[in-house]
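Reviewing the structure listed below.
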Amino acid sequence: MKQLATLAGTIALALGTMGSAQAHDQDVTRATLKNGLRVVIVEDKLAPVVTTQVNYRAGGNDVPAGFPGTAHAVEHMMFRGSPGLSKDQISALAANMGGNFNAETREDSTRYYFTVPKQDLDVALRIHAIRMRSVNMKAKEWEDERGAIEQEVSRDMSSPVFKALTQLRQNLYKGTPYEHTPLGTRDSFDKTTAKALKHYHDTWYTPNNAVLVIAGDVNPQKTLKEVKSLFASIPSKAVPKQPAFHFQPVKAQHVAMDTDTPYGFEVRAYRMPGLRDADYATALVMSEAMGSKRGALVGMGMDGTALAGAFSTQFLPHAGIGYAIGIFPKGGNVSAIDKRMQSIVANAASKGINPALVAAAKRKAIADLEYAKNSVAGLANAWSDALVQQQLSSPAEIRDAIAKVTPAEVNAMAAKIFSQPAVTATLTPASSGKAVASKGFGGAESFASSPNSAVTLPKWAQASFAKLSVPQSTIKPADFHLANGLRVIVQPESVSNTVYISGSINTNEDMQAKPGQEGISNVLDGLFRFGPEGTNRLQFQAALDSIAAHESAGSDFSLATPAKHFDEGMKLLAANELHPALPERAFKIVQRQTAGMMAGLMQSPSFINSLHLKTALLPKGDPALRHATPQTVMGLKYSDIKQYYANTFRPDMTTIVVVGNVTPEKAKAVVSKYFGHWQAKGPKPNIDYPAVPNNKAAQFNTPNRSAVQDSVDMAQMVQVTDHDPARYALYLGNKVLGGGFYASRLYRDLREKYGLVYTVGSGFNLSKTRGGYSVRFGCDPDKVAQASDLVVSNLKRMQKEPVTPVELKQAKGIMLRQIPLGESSFGAIARQLLGLSQEGKPLNAMHQAAEAYYRLSAKDVQQAYAKYIRPDDFVTAVKGPAPKA
């Protein structure tokens, strides 16, 4: 049920010298260079990490008629080289800095970012400056990149949800630039030329049309001086006017579509104000109130009307879209859900929204701005969004506007929004058929993988990467156990006045549930939404809302709270975690919801494909092959749920990680007060799967009528565990194969050289008793054989010859630099510490791993791949159209 709530809540997002005086407020330094480049530097000492973001005020709106993806294509080509900086050098530099970089084309802007160790700030800034000055845009490079971007289009257009939201958007904003997304189409890319892309760059990518945001562990004055030395000489240009918006009245329209998801969606979309509108803050508060866990839409998932309900908003600069969402099981009563949704929004329009929900929404929206400080990249995003998307002076301006919103203004907004016609969509789950075994996809050409020629870095970057070193972690957590066996790990951080708690109970339904009780953990987790004993769910949520806290309970649990409310927040979390109400009436609702979800899930292409893949990988009767069915879920008794909770929720199987503005002494006292009385009964359970033998090779295809692109998963079992020293050599070799974007072998061959895929990923999934290795990519049906053949040939090369010294050093650099990057947010710190605890590893295991990577040789990597990887024994699962020869 947690997955449903998350999906419902996020569905809409399937989307010089100084020219003016410096201004300082708190840890922020501002400047505008004479060429018009605006610079904002935000100092943040969370980790020795910096995020740099160049925002160009041009995006999907500012494209030639008939070429909707031009801005998106330029974004891709920015990584294909500039005068004085080749694409291979960009790839090598980005990989050497840790590989955390990307770009995003929006409607009104395009953002390029690097998140790097602070010693690499100079390199990141130089890349930004070189690309702002000029790009190559060679015809051959565009020809190669076009194949990759067309695969991205195919991937998105294989999603019925994306297609439905795109149609809703077209209907809401017909005749305006927002009628199309920035994605583009395959037809338009086929007509696009490198010359046209170069013209777009030269027209819009100019310093007076850009904002540079730098956030992290920096010396602001030193950094500003460097920015001026790199960017000030780039000439400014006259920039064309951006297109005007002339909105027409909305006409009610309906979109009906089948979906490959295990459940369906009923969506009612409304035109909303935009980020730059004077009443944006009011619209934000209204949408938060409509989506409140105490609200009627979410209530549809609590009383059994729907699997889940939500209100979500996609705010764009000039307008927005509000989505009322109901999720229903296959065969569910869509008409009843739509009627309920209509009634809810009509009631909001005519009678207004509960003032208590409005007050809570304001507190939440303001608190979320403070939570954004808990990530270096998140802090940079907050500033870029405020300056570029909203054209404000800082995120504080948003906070002040939210604070001024009144219930009367929210009610007037609701009346205005929900009195207009809605554009609606119904996505109905439909089965595509069973998985079909194949003897081979046939017809693959014999591709030779790319040569590993050494890349000579620019002279200005060579010193930065000349020598590798083992980084020192900046996290020094306090670590202790309560008398009941519960482990508590505390990492104090003072970059914000908040505290983030992440906890987990080591449970495994496959090993702990009785036969015939498959699905019991899903039902149990769904019941935590109803709050603790002695209160109802609305009262419990009201208590959380009063302190602007975010809480989630279950076998995995979390809390985000202002630091001043740490004690109160932990009290609420512990009440729900240790004394859940588990009401019997709610059990029957959640039971029916879970069974309904499973009925659709078992016919969905994703489930069929996953189950067939696991069946081919694992021996018959393996516990990991257990799965819920509607029958096992409906066969559960209320007493089964209570007993399963009592047996599996134990303090001696639990870890709580606390990160934020709190001392270890206070954290220990508060956690002890609320969790110290919790007691376990009986011996610790065994939750580890048994070891398994290697699998045999197999190939199969799972039909998916919604997809135009194939999703390919090549998987195998490997005889390595998460405590085996051999894992370090395998992880390091995987960075040679799949780390660092173009700088990796798989990206270079499958994307950059042949344009077969948009993305390709590879990795290991190791536990205490078993291990797996997989390679995943998406491509057209006629390219599956070619791409999979290249994967196999690359793995055989890894076994036959050592990786080159350049590749080895680059892979080590990625692994070593990713350690500080993994400590640059509260969430990342908590996940790392929680994961190490659950795996039974020391909390300094990342430093131990760094030392292991530092010592490895190319021969070590070769031997590990020769010993453990079996290139000819993959189970290849293809979800989508049948592959073509």
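Numbering starts fresh at 1 for the residues of each chain in the structure tokens, the chains themselves are lettered A, B, ... in the order given, and ligands are numbered from 1 as they appear.
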
(message) Residues within 9 Å of Lys293 (chain A), please, as a ChimeraX atom specification. Count only C-alpha atoms; anything in the same chain fewer than 4 positions from it doesn't count.
(response) /A:289,297-299,310,537-538,541

Could you save the residues just selected, with N, CA, C and O atoms, as a compact mmCIF listing (two decimals), in the first residue's frame?
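Okay, out_8.txt is ready:
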```txt
# COMPACT_ATOMS: atom_id res chain seq x y z
N ALA A 289 -3.34 21.31 0.97
CA ALA A 289 -4.52 21.01 1.79
C ALA A 289 -5.40 19.95 1.13
O ALA A 289 -5.92 19.05 1.80
N LEU A 297 -9.76 13.19 -0.37
CA LEU A 297 -9.20 12.39 -1.47
C LEU A 297 -8.37 11.25 -0.93
O LEU A 297 -8.51 10.09 -1.37
N VAL A 298 -7.46 11.52 0.00
CA VAL A 298 -6.69 10.44 0.63
C VAL A 298 -7.63 9.51 1.37
O VAL A 298 -7.42 8.28 1.40
N GLY A 299 -8.71 10.06 1.91
CA GLY A 299 -9.67 9.24 2.63
C GLY A 299 -10.31 8.15 1.78
O GLY A 299 -10.78 7.14 2.31
N ALA A 310 -5.33 10.87 -3.97
CA ALA A 310 -4.34 11.92 -3.76
C ALA A 310 -4.71 13.15 -4.57
O ALA A 310 -5.56 13.10 -5.47
N ARG A 537 -7.00 7.82 13.06
CA ARG A 537 -5.97 8.25 12.11
C ARG A 537 -5.98 9.76 11.89
O ARG A 537 -4.93 10.37 11.70
N LEU A 538 -7.16 10.38 11.93
CA LEU A 538 -7.25 11.82 11.71
C LEU A 538 -6.64 12.59 12.88
O LEU A 538 -5.94 13.59 12.68
N GLN A 541 -2.83 12.16 12.62
CA GLN A 541 -2.24 13.00 11.57
C GLN A 541 -2.30 14.47 11.98
O GLN A 541 -1.38 15.24 11.67
```

(request) Would you mind listing what lies within 10 Å of Pro220 (chain A) as an MDAnalysis selection string, with only C-alpha atoms counted and same-chain residues fewer than 4 positions away left out? (result) chainID A and resid 27:30 40:43 214:216 224:226

(request) Step one, run DSSP on the backbone; step two, keep only residues of region 536-709 of chain A assigned to strand (DSSP E or B); then write them as a PyMOL selection string. (result) chain A and resi 550-552+556-562+580+654-660+698-702

If you take only C-alpha atoms and a cut-off of 12 Å, which residues of region 540-626 of chain A touch region 769-789 of chain A, and what are their nearest atom pairs and distances in Å to one decimal, in chain and number order, as JSON lines?
```
{"residue": "A:Leu613", "atom": "CA", "partner": "A:Ser774", "partner_atom": "CA", "distance": 11.4}
{"residue": "A:Lys614", "atom": "CA", "partner": "A:Gly772", "partner_atom": "CA", "distance": 10.9}
{"residue": "A:Leu617", "atom": "CA", "partner": "A:Gly772", "partner_atom": "CA", "distance": 9.3}
{"residue": "A:Leu618", "atom": "CA", "partner": "A:Gly772", "partner_atom": "CA", "distance": 10.6}
{"residue": "A:Ala624", "atom": "CA", "partner": "A:Arg770", "partner_atom": "CA", "distance": 11.5}
```

Any chance you can output those residues with N, CA and C atoms as an mmCIF file, in the first residue's frame?
```
data_model
loop_
_atom_site.group_PDB
_atom_site.id
_atom_site.type_symbol
_atom_site.label_atom_id
_atom_site.label_comp_id
_atom_site.auth_asym_id
_atom_site.auth_seq_id
_atom_site.Cartn_x
_atom_site.Cartn_y
_atom_site.Cartn_z
ATOM 1 N N LEU A 613 11.531 -14.532 -14.606
ATOM 2 C CA LEU A 613 12.971 -14.349 -14.472
ATOM 3 C C LEU A 613 13.477 -15.043 -13.207
ATOM 4 N N LYS A 614 12.785 -14.849 -12.077
ATOM 5 C CA LYS A 614 13.218 -15.482 -10.835
ATOM 6 C C LYS A 614 13.108 -17.006 -10.919
ATOM 7 N N LEU A 617 16.094 -18.289 -12.619
ATOM 8 C CA LEU A 617 17.353 -18.091 -11.886
ATOM 9 C C LEU A 617 17.480 -18.985 -10.661
ATOM 10 N N LEU A 618 16.357 -19.309 -10.014
ATOM 11 C CA LEU A 618 16.395 -19.970 -8.715
ATOM 12 C C LEU A 618 15.886 -21.404 -8.794
ATOM 13 N N ALA A 624 12.352 -17.440 -2.151
ATOM 14 C CA ALA A 624 12.192 -16.168 -2.854
ATOM 15 C C ALA A 624 11.160 -16.252 -3.967
#
```

(request) Name all residues at most 7 Å from Arg271 (chain A) (count only C-alpha atoms; drop same-chain ones fewer than 4 positions away) and give them as a list of chain:residue names. (result)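 In the requested format, the answer is A:Leu172, A:Gly320, A:Ile321, A:Gly322, A:Ile417.
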
(request) For CA of Gln119 (chain A) and CA of Gly813 (chain A), quote the distance in Å rounded to one decimal. (result)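 Separation between CA of Gln119 (chain A) and CA of Gly813 (chain A): 12.9 Å.
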
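Reported to one decimal place, the separation of CA of Ala595 (chain A) from CA of Ser502 (chain A) is 29.0 Å.
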
(request) May I have the residues within 10 Å of Asp202 (chain A) as number ranges by chain, using only C-alpha atoms and disregarding those fewer than 4 positions away in the same chain? (result) A: 132-135, 196-198, 206, 237, 239

Would you save the residues of that selection, restricted to N, CA, C and O atoms, as a short mmCIF file (atom, residue, chain, number, x, y, z; two decimals), in the first residue's frame?
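Listed below is the output, result16.cif:
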```cif
data_model
loop_
_atom_site.label_atom_id
_atom_site.label_comp_id
_atom_site.auth_asym_id
_atom_site.auth_seq_id
_atom_site.Cartn_x
_atom_site.Cartn_y
_atom_site.Cartn_z
N MET A 132 29.43 27.03 -22.25
CA MET A 132 28.66 28.26 -22.43
C MET A 132 29.22 29.05 -23.59
O MET A 132 28.47 29.66 -24.37
N ARG A 133 30.53 29.02 -23.72
CA ARG A 133 31.18 29.79 -24.78
C ARG A 133 30.86 29.23 -26.17
O ARG A 133 30.55 29.99 -27.10
N SER A 134 30.90 27.90 -26.30
CA SER A 134 30.65 27.31 -27.62
C SER A 134 30.52 25.80 -27.51
O SER A 134 31.02 25.19 -26.56
N VAL A 135 29.85 25.21 -28.48
CA VAL A 135 29.78 23.75 -28.61
C VAL A 135 30.04 23.38 -30.06
O VAL A 135 29.91 24.21 -30.97
N ALA A 196 20.88 23.26 -37.01
CA ALA A 196 19.77 23.87 -36.29
C ALA A 196 20.02 23.86 -34.78
O ALA A 196 19.68 24.82 -34.07
N LEU A 197 20.62 22.79 -34.29
CA LEU A 197 20.93 22.71 -32.87
C LEU A 197 22.00 23.72 -32.48
O LEU A 197 21.93 24.35 -31.42
N LYS A 198 23.00 23.89 -33.34
CA LYS A 198 24.05 24.87 -33.08
C LYS A 198 23.44 26.28 -33.04
O LYS A 198 23.81 27.11 -32.19
N THR A 206 23.75 32.10 -23.55
CA THR A 206 24.59 33.28 -23.42
C THR A 206 24.57 33.71 -21.96
O THR A 206 23.58 33.46 -21.25
N LYS A 237 24.89 38.47 -25.55
CA LYS A 237 24.20 38.61 -26.83
C LYS A 237 22.77 39.06 -26.58
O LYS A 237 22.23 38.85 -25.50
N VAL A 239 19.03 38.47 -26.68
CA VAL A 239 18.26 37.24 -26.59
C VAL A 239 16.84 37.49 -27.11
O VAL A 239 16.22 38.51 -26.75
#
```

(request) Quick one: everything within 8 Å of region 81-90 of chain A, counting only C-alpha atoms, minus sequence neighbours fewer than 3 positions away in the same chain. Send it as a ChimeraX atom specification. (result) /A:77-78,93-94,127,130-131,134-137,455-458,742-743

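Nearest to Gly66 (chain A) of all the residues A:Asn208, A:Ser312, A:Ser639, A:Ser188 is A:Ser188, based on only C-alpha atoms.
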
(request) Choose the residue, out of A:Lys859, A:Trp142, A:Thr654, A:Asp277, that has the smallest atom-to-atom separation from Leu482 (chain A); count only C-alpha atoms. (result) A:Thr654

(request) Write down as a ChimeraX atom specification the residues belonging to region 347-456 of chain A that are assigned helix (DSSP H, G or I) by DSSP computed on the backbone. (result) /A:347-351,355-374,376-389,395-403,407-418

(request) Record the distance separating CA of His677 (chain A) and CA of Asn484 (chain A), expressed in Å with one decimal. (result) 7.6 Å
